[in-house]
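Listing of run_31.txt; format and content: compact mmCIF, C-alpha atoms.
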# COMPACT_ATOMS: atom_id res chain seq x y z
CA MET A 1 212.93 38.10 50.40
CA LEU A 2 211.49 34.72 51.34
CA ARG A 3 211.22 35.75 54.99
CA ALA A 4 208.95 38.64 53.98
CA GLY A 5 206.18 36.08 53.58
CA ARG A 6 206.11 35.47 57.33
CA TRP A 7 204.19 38.67 58.12
CA PRO A 8 201.24 38.22 55.74
CA ALA A 9 201.09 34.54 56.75
CA ALA A 10 201.05 35.47 60.42
CA VAL A 11 198.32 38.08 59.89
CA LEU A 12 196.12 35.62 58.01
CA LEU A 13 196.63 32.80 60.50
CA ALA A 14 196.01 35.12 63.46
CA ALA A 15 192.77 36.38 61.88
CA LEU A 16 191.53 32.85 61.09
CA SER A 17 192.45 31.25 64.40
CA PRO A 18 189.61 32.76 66.51
CA VAL A 19 187.03 31.52 63.99
CA VAL A 20 188.43 27.99 63.92
CA GLY A 21 188.94 28.09 67.69
CA CYS A 22 185.29 29.00 68.32
CA ARG A 23 184.16 26.20 66.00
CA LEU A 24 186.39 23.80 67.91
CA ALA A 25 185.04 25.05 71.25
CA ASP A 26 181.41 24.68 70.04
CA SER A 27 180.87 28.41 70.48
CA ASP A 28 179.70 31.20 68.20
CA GLY A 29 181.96 33.71 69.89
CA PHE A 30 181.61 37.41 69.27
CA THR A 31 181.37 39.69 66.22
CA PRO A 32 182.71 39.08 63.59
CA VAL A 33 183.19 35.37 64.39
CA PRO A 34 179.53 34.32 63.72
CA GLN A 35 179.60 36.11 60.37
CA PHE A 36 182.78 34.29 59.33
CA LEU A 37 181.46 30.96 60.63
CA ALA A 38 178.63 31.17 58.10
CA PHE A 39 181.25 30.99 55.33
CA LEU A 40 183.49 28.41 57.02
CA PRO A 41 184.17 26.22 53.92
CA TRP A 42 185.55 29.22 52.04
CA LEU A 43 188.11 29.85 54.78
CA LEU A 44 190.08 26.96 53.29
CA ALA A 45 191.39 29.32 50.58
CA PRO A 46 193.03 31.96 52.81
CA THR A 47 194.26 29.24 55.17
CA GLY A 48 195.87 27.36 52.30
CA PHE A 49 197.42 30.59 51.02
CA ALA A 50 198.82 31.38 54.48
CA LEU A 51 200.29 27.88 54.68
CA LEU A 52 201.90 28.32 51.26
CA LEU A 53 203.46 31.62 52.37
CA ALA A 54 204.78 29.95 55.52
CA LEU A 55 206.29 27.11 53.50
CA LEU A 56 207.95 29.51 51.04
CA ALA A 57 209.32 31.55 53.94
CA ARG A 58 210.59 28.36 55.63
CA TRP A 59 208.75 29.41 58.78
CA ARG A 60 208.31 26.22 60.81
CA VAL A 61 205.92 27.64 63.41
CA GLY A 62 203.71 29.11 60.70
CA THR A 63 203.80 25.87 58.73
CA VAL A 64 202.63 23.81 61.71
CA TRP A 65 200.06 26.49 62.56
CA GLY A 66 198.70 26.45 59.01
CA ILE A 67 198.57 22.65 58.84
CA VAL A 68 196.60 22.48 62.10
CA LEU A 69 194.09 25.11 60.96
CA LEU A 70 193.71 23.51 57.55
CA GLY A 71 193.19 20.08 59.11
CA LEU A 72 190.52 21.38 61.50
CA LEU A 73 188.67 23.21 58.73
CA THR A 74 188.69 20.09 56.57
CA TRP A 75 187.29 18.07 59.49
CA PHE A 76 184.53 20.59 60.21
CA ILE A 77 183.34 20.68 56.61
CA LYS A 78 181.94 17.15 56.86
CA PRO A 79 178.13 16.92 57.29
CA TYR A 80 176.84 17.42 60.82
CA GLY A 81 174.11 15.27 62.35
CA SER A 82 172.66 11.83 61.87
CA GLY A 83 171.84 10.44 58.45
CA ALA A 84 170.09 7.28 59.66
CA GLU A 85 166.87 6.22 57.93
CA PRO A 86 163.58 5.61 59.80
CA ASP A 87 162.72 1.96 60.46
CA GLY A 88 158.96 2.05 59.90
CA PRO A 89 157.06 1.67 56.61
CA PRO A 90 156.21 4.84 54.63
CA LEU A 91 152.88 6.54 55.36
CA ALA A 92 152.91 9.65 53.14
CA GLU A 93 155.14 11.45 50.66
CA LEU A 94 155.35 15.22 51.03
CA LYS A 95 156.94 18.07 49.14
CA VAL A 96 157.94 21.04 51.31
CA LEU A 97 159.11 24.45 50.12
CA THR A 98 160.58 27.34 52.09
CA SER A 99 161.33 30.77 50.67
CA ASN A 100 162.37 34.14 52.07
CA VAL A 101 160.86 36.69 49.67
CA GLU A 102 162.80 39.73 51.03
CA PHE A 103 160.19 42.17 52.32
CA GLY A 104 157.61 40.63 49.97
CA ARG A 105 159.42 41.71 46.80
CA GLY A 106 159.93 38.13 45.66
CA ALA A 107 156.26 37.14 46.04
CA PRO A 108 155.35 37.63 42.33
CA SER A 109 158.16 35.30 41.26
CA LEU A 110 157.18 32.77 43.93
CA VAL A 111 153.71 32.35 42.40
CA PRO A 112 154.81 30.58 39.17
CA LEU A 113 157.32 28.54 41.18
CA LEU A 114 154.50 27.23 43.39
CA HIS A 115 152.38 26.48 40.31
CA ARG A 116 155.25 24.48 38.83
CA GLU A 117 156.53 22.67 41.93
CA ARG A 118 153.15 22.07 43.62
CA PRO A 119 154.51 21.60 47.15
CA ASP A 120 152.19 20.27 49.84
CA ILE A 121 153.39 22.64 52.58
CA VAL A 122 154.89 26.10 52.01
CA PHE A 123 156.79 28.29 54.49
CA VAL A 124 157.27 31.92 53.39
CA GLU A 125 159.36 34.39 55.37
CA GLU A 126 159.31 38.20 55.09
CA CYS A 127 155.85 37.87 53.56
CA GLU A 128 154.17 41.17 54.46
CA TYR A 129 150.57 42.24 53.84
CA THR A 130 150.72 42.45 50.04
CA CYS A 131 152.61 39.17 49.79
CA GLN A 132 150.05 37.38 51.95
CA ASP A 133 147.15 38.85 49.99
CA THR A 134 148.80 37.69 46.74
CA LEU A 135 149.39 34.13 47.94
CA GLU A 136 146.04 33.74 49.68
CA GLY A 137 144.15 35.11 46.67
CA THR A 138 146.07 33.14 44.04
CA PHE A 139 146.10 29.82 45.92
CA ALA A 140 142.74 29.89 47.70
CA VAL A 141 141.86 26.47 46.24
CA GLU A 142 145.30 24.82 46.20
CA TYR A 143 146.15 25.83 49.78
CA PRO A 144 142.90 26.26 51.71
CA TYR A 145 144.65 25.97 55.08
CA ARG A 146 146.92 28.78 56.32
CA ARG A 147 148.60 30.09 59.41
CA ALA A 148 150.12 33.57 59.28
CA VAL A 149 151.61 36.42 61.24
CA ARG A 150 150.25 39.54 59.56
CA ALA A 151 152.83 42.30 59.75
CA GLY A 152 154.80 44.62 57.52
CA GLY A 153 158.36 44.44 56.28
CA SER A 154 160.41 41.47 57.39
CA GLN A 155 158.06 40.62 60.27
CA GLY A 156 155.26 39.01 58.25
CA SER A 157 155.24 35.28 57.46
CA ILE A 158 152.85 32.55 56.39
CA ILE A 159 152.43 28.78 56.23
CA LEU A 160 150.31 27.38 53.37
CA SER A 161 149.09 23.79 53.47
CA ARG A 162 147.06 21.28 51.50
CA PHE A 163 146.44 19.48 54.79
CA PRO A 164 144.05 20.64 57.51
CA LEU A 165 145.78 22.77 60.14
CA ARG A 166 145.22 23.34 63.83
CA PRO A 167 146.77 26.53 65.23
CA THR A 168 149.52 26.52 67.82
CA ASP A 169 151.18 29.41 69.64
CA GLY A 170 154.22 29.46 67.37
CA VAL A 171 157.51 30.94 68.56
CA THR A 172 157.93 34.44 69.93
CA GLY A 173 160.51 36.47 68.05
CA THR A 174 161.36 39.82 66.54
CA MET A 175 159.98 38.52 63.23
CA GLY A 176 156.86 36.41 62.80
CA MET A 177 157.23 32.66 63.37
CA PRO A 178 153.79 31.01 63.17
CA GLY A 179 153.16 27.37 64.03
CA ALA A 180 150.46 24.80 63.33
CA VAL A 181 149.66 21.10 63.49
CA ALA A 182 148.87 19.41 60.17
CA GLU A 183 146.78 16.28 59.84
CA VAL A 184 148.67 14.05 57.39
CA ARG A 185 147.13 10.63 56.74
CA GLY A 186 145.86 10.41 60.29
CA GLU A 187 149.15 11.60 61.81
CA SER A 188 149.55 14.92 63.61
CA VAL A 189 152.65 16.71 62.26
CA ARG A 190 153.94 19.80 64.04
CA LEU A 191 154.82 22.64 61.64
CA GLN A 192 156.94 25.57 62.78
CA LEU A 193 158.22 28.41 60.62
CA ALA A 194 161.70 29.64 61.54
CA HIS A 195 162.90 33.21 61.09
CA PRO A 196 165.11 34.36 63.97
CA MET A 197 167.03 37.61 63.88
CA PRO A 198 170.30 37.53 61.93
CA PRO A 199 173.57 37.71 63.90
CA LEU A 200 173.99 41.46 63.50
CA PRO A 201 176.68 43.26 65.50
CA GLY A 202 175.20 44.22 68.84
CA GLN A 203 172.30 41.77 68.48
CA LEU A 204 174.00 38.41 68.91
CA ASP A 205 172.13 37.80 72.15
CA VAL A 206 168.79 38.21 70.33
CA TRP A 207 169.95 35.83 67.60
CA ARG A 208 171.06 33.20 70.13
CA ARG A 209 167.90 33.59 72.22
CA GLU A 210 165.54 33.15 69.27
CA LEU A 211 167.47 30.15 67.94
CA GLY A 212 167.28 28.79 71.49
CA ARG A 213 163.49 29.07 71.40
CA LEU A 214 163.46 27.06 68.17
CA ARG A 215 165.67 24.48 69.88
CA ASP A 216 163.13 24.31 72.71
CA VAL A 217 160.40 23.55 70.16
CA ALA A 218 162.50 20.73 68.73
CA ALA A 219 163.16 19.32 72.19
CA ALA A 220 159.54 19.63 73.33
CA ASP A 221 158.19 17.88 70.24
CA ARG A 222 160.80 15.12 70.26
CA GLY A 223 158.08 12.46 70.47
CA ALA A 224 156.00 13.80 67.55
CA PRO A 225 156.58 14.16 63.80
CA THR A 226 157.91 17.67 63.26
CA ILE A 227 158.85 19.94 60.34
CA LEU A 228 160.75 23.09 61.28
CA ALA A 229 161.53 25.16 58.18
CA GLY A 230 162.50 28.65 57.11
CA ASP A 231 165.34 31.15 57.12
CA PHE A 232 167.36 30.31 60.24
CA ASN A 233 170.03 32.96 59.63
CA ALA A 234 172.45 30.23 60.70
CA SER A 235 174.38 27.35 59.17
CA GLN A 236 175.60 24.02 60.50
CA ASP A 237 178.81 25.80 61.52
CA HIS A 238 176.96 27.82 64.16
CA ALA A 239 176.71 26.24 67.60
CA ALA A 240 173.25 27.74 68.14
CA PHE A 241 171.97 25.94 65.03
CA ARG A 242 173.68 22.67 65.89
CA GLY A 243 171.81 22.82 69.20
CA ILE A 244 168.55 22.49 67.25
CA LEU A 245 169.87 19.45 65.42
CA ASP A 246 171.10 17.96 68.69
CA ALA A 247 167.58 18.33 70.08
CA GLY A 248 166.43 15.63 67.68
CA LEU A 249 165.95 17.12 64.21
CA ARG A 250 167.79 16.43 60.97
CA ASP A 251 168.45 18.65 57.97
CA ALA A 252 166.53 17.35 54.94
CA ALA A 253 169.00 18.88 52.48
CA ARG A 254 171.85 17.10 54.27
CA LEU A 255 169.92 13.80 54.11
CA ALA A 256 169.49 14.33 50.35
CA GLY A 257 173.19 15.06 49.81
CA HIS A 258 173.11 18.89 49.72
CA ASP A 259 174.48 19.83 53.13
CA ARG A 260 176.76 22.57 51.76
CA THR A 261 174.69 24.05 48.90
CA PRO A 262 174.51 27.83 49.51
CA SER A 263 171.09 29.50 49.79
CA TRP A 264 172.21 33.08 50.53
CA PRO A 265 173.03 35.50 49.05
CA SER A 266 171.34 34.25 45.89
CA ARG A 267 173.36 36.49 43.54
CA THR A 268 176.65 34.83 44.51
CA ALA A 269 175.37 31.43 45.70
CA GLY A 270 176.79 29.73 42.62
CA VAL A 271 180.28 30.85 43.66
CA ILE A 272 180.22 31.63 47.38
CA GLY A 273 177.50 31.72 49.99
CA ALA A 274 176.03 30.14 53.10
CA GLN A 275 173.26 27.60 53.58
CA ILE A 276 171.01 29.39 56.07
CA ASP A 277 167.63 28.25 54.69
CA HIS A 278 166.70 24.81 55.98
CA VAL A 279 163.94 22.24 56.25
CA LEU A 280 164.53 20.30 59.47
CA VAL A 281 162.58 17.11 60.13
CA SER A 282 162.19 14.69 63.01
CA ARG A 283 163.42 11.12 62.78
CA ASP A 284 160.00 10.05 61.47
CA PHE A 285 160.99 11.40 58.04
CA SER A 286 163.38 10.42 55.30
CA ALA A 287 164.42 12.75 52.46
CA SER A 288 164.99 11.68 48.88
CA ARG A 289 165.59 14.95 47.03
CA ALA A 290 166.50 18.58 47.67
CA ARG A 291 166.69 21.46 45.19
CA PHE A 292 167.71 25.09 45.58
CA LEU A 293 165.80 27.35 43.19
CA THR A 294 166.39 31.03 42.44
CA PRO A 295 163.23 33.16 42.29
CA ALA A 296 163.68 36.77 41.18
CA ASP A 297 163.74 39.87 43.40
CA THR A 298 164.90 38.17 46.59
CA ASP A 299 168.32 37.58 48.11
CA HIS A 300 167.50 34.00 49.14
CA ARG A 301 167.22 30.82 47.14
CA ALA A 302 164.07 28.79 47.71
CA LEU A 303 164.54 25.26 49.01
CA VAL A 304 162.29 22.38 47.91
CA VAL A 305 162.60 18.95 49.53
CA ASP A 306 160.83 15.65 48.92
CA ILE A 307 160.33 13.88 52.23
CA THR A 308 158.50 10.73 53.38
CA LEU A 309 156.68 10.32 56.68
CA HIS A 310 157.24 6.85 58.13
CA GLN A 311 155.20 4.88 60.61
CA ARG A 312 156.93 4.48 63.92
CA GLY A 313 158.42 1.06 64.52
Go through the file and emit its structure as structure tokens.
Amino acid sequence: MLRAGRWPAAVLLAALSPVVGCRLADSDGFTPVPQFLAFLPWLLAPTGFALLLALLARWRVGTVWGIVLLGLLTWFIKPYGSGAEPDGPPLAELKVLTSNVEFGRGAPSLVPLLHRERPDIVFVEECEYTCQDTLEGTFAVEYPYRRAVRAGGSQGSIILSRFPLRPTDGVTGTMGMPGAVAEVRGESVRLQLAHPMPPLPGQLDVWRRELGRLRDVAAADRGAPTILAGDFNASQDHAAFRGILDAGLRDAARLAGHDRTPSWPSRTAGVIGAQIDHVLVSRDFSASRARFLTPADTDHRALVVDITLHQRG
């Protein structure tokens, strides 16, 4: 009877091994590996169960196999990227908010959230025509500076700012990703909204390519203060996202101690989910606080971060 546990243990370990192997190889692999990588921390449970079955079945190979997988998963769960603080004195304190409003449906609930939180810069994804009209009309005074891609469905997006903006070309993608340069206390800060395609089966190349374009922005602006924020459809367990961090940016939520707080799907984020909404900042910024809020009628949590722009040493 004990030996019967070998088969379910072997099936579980065989299913988990490609995911862990791709993470170890710094690759996103093929469907369904990227989808499972988004939920990497929760793979500890089936791995631990498989190890328990192997132990009960006295299966030595399975026990070693399970211990190796469990050890690798535990190692990968640690925060990725630098947490070093800038050396220069502070120049300006900013509050930044990013929110995917799911085809504009969450725009009405975003309005009171913006009134309450009063962020300085706002990035809104899937903000179609009605959403943009609502935000521009309601916050004409609070956010006089805007940069938008006007489109329907998931393709529309907008940046709202209290600071003067100069337009930039943004990033080309299936969905709108506008860019701008904000003048903050005499410093030019590059703003770029992120909303690449999700890693859908059959469209992984599009997902990788659009994340690669965001990485190129991070690399090109390495010498300038930069805020790259939005719905990345990727977590720190995806190699394509880590490439953006390796290009010189840091995750503000990670700096504020929330590197594993789920942002999607919002209905289950309190139990299980993935952090795919991010505010990434250049090394000119420090982060003191991050909060994940839950507006109604959208499948994403909104992320609010308090960051400080520092003078270069």
Problem set entry | Polymer residues at most 6 Å from region 267-283 of chain A, only C-alpha atoms, same-chain spacing of 5 or more positions, as a list in words | Ala38, Phe39, Pro225, Thr226, Ile227, Leu228, Ala229, Gly230, Asp231, Phe232, Asn233, Ala234, Ser235, Leu249, Arg250, Asp251, Ala252 and Pro262 of chain A
Convert the current residue selection to file output with C-alpha atoms, as a compact mmCIF listing (two decimals), keeping the file's coordinate frame.
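The resulting file, result_14.txt, is reproduced below:
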# COMPACT_ATOMS: atom_id res chain seq x y z
CA ALA A 38 178.63 31.17 58.10
CA PHE A 39 181.25 30.99 55.33
CA PRO A 225 156.58 14.16 63.80
CA THR A 226 157.91 17.67 63.26
CA ILE A 227 158.85 19.94 60.34
CA LEU A 228 160.75 23.09 61.28
CA ALA A 229 161.53 25.16 58.18
CA GLY A 230 162.50 28.65 57.11
CA ASP A 231 165.34 31.15 57.12
CA PHE A 232 167.36 30.31 60.24
CA ASN A 233 170.03 32.96 59.63
CA ALA A 234 172.45 30.23 60.70
CA SER A 235 174.38 27.35 59.17
CA LEU A 249 165.95 17.12 64.21
CA ARG A 250 167.79 16.43 60.97
CA ASP A 251 168.45 18.65 57.97
CA ALA A 252 166.53 17.35 54.94
CA PRO A 262 174.51 27.83 49.51
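Of note, CA of Pro112 (chain A) and CA of Thr98 (chain A) are spaced 14.5 Å apart.
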Exercise. Using only C-alpha atoms, which residues sit within 10 Å of Val122 (chain A) once same-chain residues fewer than 4 positions away are excluded, as a ChimeraX atom specification?
Worked result: /A:95-99,114,118,143,146,158-162,193,229-230,304
Problem set entry | All residues 10 Å or closer to Pro46 (chain A), only C-alpha atoms, same chain fewer than 3 positions away omitted, as number ranges by chain | A: 9, 12-13, 16, 42-43, 49-52, 70
For this session: Have a look at A:Leu69, A:Val61, A:Leu191, A:Ile244 and name the one nearest to Leu211 (chain A); count only C-alpha atoms.
Result: A:Ile244
Counting all atoms listed in the file, find the residues whose atoms lie at most 12 Å from (152.1, 44.8, 60.1) (file coordinates) and write them out as a compact mmCIF listing (two decimals) with C-alpha atoms, keeping the file's coordinate frame.
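What follows is the written file selection_16.txt:
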# COMPACT_ATOMS: atom_id res chain seq x y z
CA PHE A 103 160.19 42.17 52.32
CA GLU A 126 159.31 38.20 55.09
CA CYS A 127 155.85 37.87 53.56
CA GLU A 128 154.17 41.17 54.46
CA TYR A 129 150.57 42.24 53.84
CA THR A 130 150.72 42.45 50.04
CA CYS A 131 152.61 39.17 49.79
CA GLN A 132 150.05 37.38 51.95
CA ALA A 148 150.12 33.57 59.28
CA VAL A 149 151.61 36.42 61.24
CA ARG A 150 150.25 39.54 59.56
CA ALA A 151 152.83 42.30 59.75
CA GLY A 152 154.80 44.62 57.52
CA GLY A 153 158.36 44.44 56.28
CA SER A 154 160.41 41.47 57.39
CA GLN A 155 158.06 40.62 60.27
CA GLY A 156 155.26 39.01 58.25
CA SER A 157 155.24 35.28 57.46
CA MET A 175 159.98 38.52 63.23
CA GLY A 176 156.86 36.41 62.80
Name all residues at most 9 Å from Ala247 (chain A) (count all atoms listed in the file; drop same-chain ones fewer than 3 positions away) and give them as a CSV table (one decimal) with C-alpha atoms, in the frame of the given file.
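Saved result, around_12.csv, follows:
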chain,number,residue,atom,x,y,z
A,215,ARG,CA,165.7,24.5,69.9
A,216,ASP,CA,163.1,24.3,72.7
A,217,VAL,CA,160.4,23.6,70.2
A,218,ALA,CA,162.5,20.7,68.7
A,219,ALA,CA,163.2,19.3,72.2
A,220,ALA,CA,159.5,19.6,73.3
A,222,ARG,CA,160.8,15.1,70.3
A,242,ARG,CA,173.7,22.7,65.9
A,243,GLY,CA,171.8,22.8,69.2
A,244,ILE,CA,168.6,22.5,67.2
For this session: Name all residues at most 10 Å from Gly257 (chain A) (count all atoms listed in the file; drop same-chain ones fewer than 2 positions away) and give them as a ChimeraX atom specification.
Result: /A:79,83,252-255,259-261,287-290
Reconstructed all heavy atoms for region 170-181 of chain A, given as a CSV table (one decimal), in the frame of the given file:
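Contents of rebuild02.csv, as written:
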chain,number,residue,atom,x,y,z
A,170,GLY,N,153.0,29.0,68.1
A,170,GLY,CA,154.2,29.5,67.4
A,170,GLY,C,155.4,29.8,68.3
A,170,GLY,O,155.4,29.5,69.5
A,171,VAL,N,156.3,30.5,67.8
A,171,VAL,CA,157.5,30.9,68.6
A,171,VAL,C,157.6,32.5,68.6
A,171,VAL,O,157.5,33.1,67.6
A,171,VAL,CB,158.8,30.4,67.9
A,171,VAL,CG1,160.0,30.9,68.6
A,171,VAL,CG2,158.8,28.8,68.0
A,172,THR,N,157.8,33.0,69.8
A,172,THR,CA,157.9,34.4,69.9
A,172,THR,C,159.3,34.9,69.4
A,172,THR,O,160.3,34.3,69.7
A,172,THR,CB,157.8,34.8,71.4
A,172,THR,OG1,156.5,34.4,71.9
A,172,THR,CG2,157.9,36.3,71.6
A,173,GLY,N,159.3,35.9,68.6
A,173,GLY,CA,160.5,36.5,68.0
A,173,GLY,C,160.3,37.9,67.5
A,173,GLY,O,159.2,38.4,67.4
A,174,THR,N,161.4,38.5,67.1
A,174,THR,CA,161.4,39.8,66.5
A,174,THR,C,160.6,39.8,65.2
A,174,THR,O,159.8,40.7,64.9
A,174,THR,CB,162.8,40.3,66.3
A,174,THR,OG1,163.6,40.2,67.5
A,174,THR,CG2,162.8,41.8,65.8
A,175,MET,N,160.7,38.7,64.5
A,175,MET,CA,160.0,38.5,63.2
A,175,MET,C,159.0,37.4,63.4
A,175,MET,O,159.2,36.5,64.3
A,175,MET,CB,161.0,38.3,62.1
A,175,MET,CG,161.9,39.5,61.8
A,175,MET,SD,163.1,39.2,60.5
A,175,MET,CE,164.3,38.2,61.3
A,176,GLY,N,157.9,37.4,62.6
A,176,GLY,CA,156.9,36.4,62.8
A,176,GLY,C,157.3,35.0,62.6
A,176,GLY,O,157.9,34.7,61.5
A,177,MET,N,156.9,34.1,63.5
A,177,MET,CA,157.2,32.7,63.4
A,177,MET,C,156.0,31.9,63.8
A,177,MET,O,155.9,31.3,64.9
A,177,MET,CB,158.4,32.3,64.2
A,177,MET,CG,159.7,32.9,63.7
A,177,MET,SD,161.2,32.3,64.6
A,177,MET,CE,161.3,33.3,66.0
A,178,PRO,N,155.0,31.7,62.8
A,178,PRO,CA,153.8,31.0,63.2
A,178,PRO,C,154.0,29.5,63.2
A,178,PRO,O,155.0,29.0,62.7
A,178,PRO,CB,152.9,31.4,62.0
A,178,PRO,CG,153.8,31.6,60.9
A,178,PRO,CD,155.0,32.3,61.5
A,179,GLY,N,153.1,28.8,63.9
A,179,GLY,CA,153.2,27.4,64.0
A,179,GLY,C,151.8,26.8,63.8
A,179,GLY,O,150.8,27.5,63.9
A,180,ALA,N,151.7,25.5,63.6
A,180,ALA,CA,150.5,24.8,63.3
A,180,ALA,C,150.7,23.3,63.5
A,180,ALA,O,151.8,22.8,63.5
A,180,ALA,CB,149.9,25.1,61.9
A,181,VAL,N,149.6,22.6,63.5
A,181,VAL,CA,149.7,21.1,63.5
A,181,VAL,C,148.9,20.7,62.3
A,181,VAL,O,147.7,21.0,62.1
A,181,VAL,CB,149.1,20.5,64.8
A,181,VAL,CG1,149.0,19.0,64.7
A,181,VAL,CG2,149.9,20.9,66.0
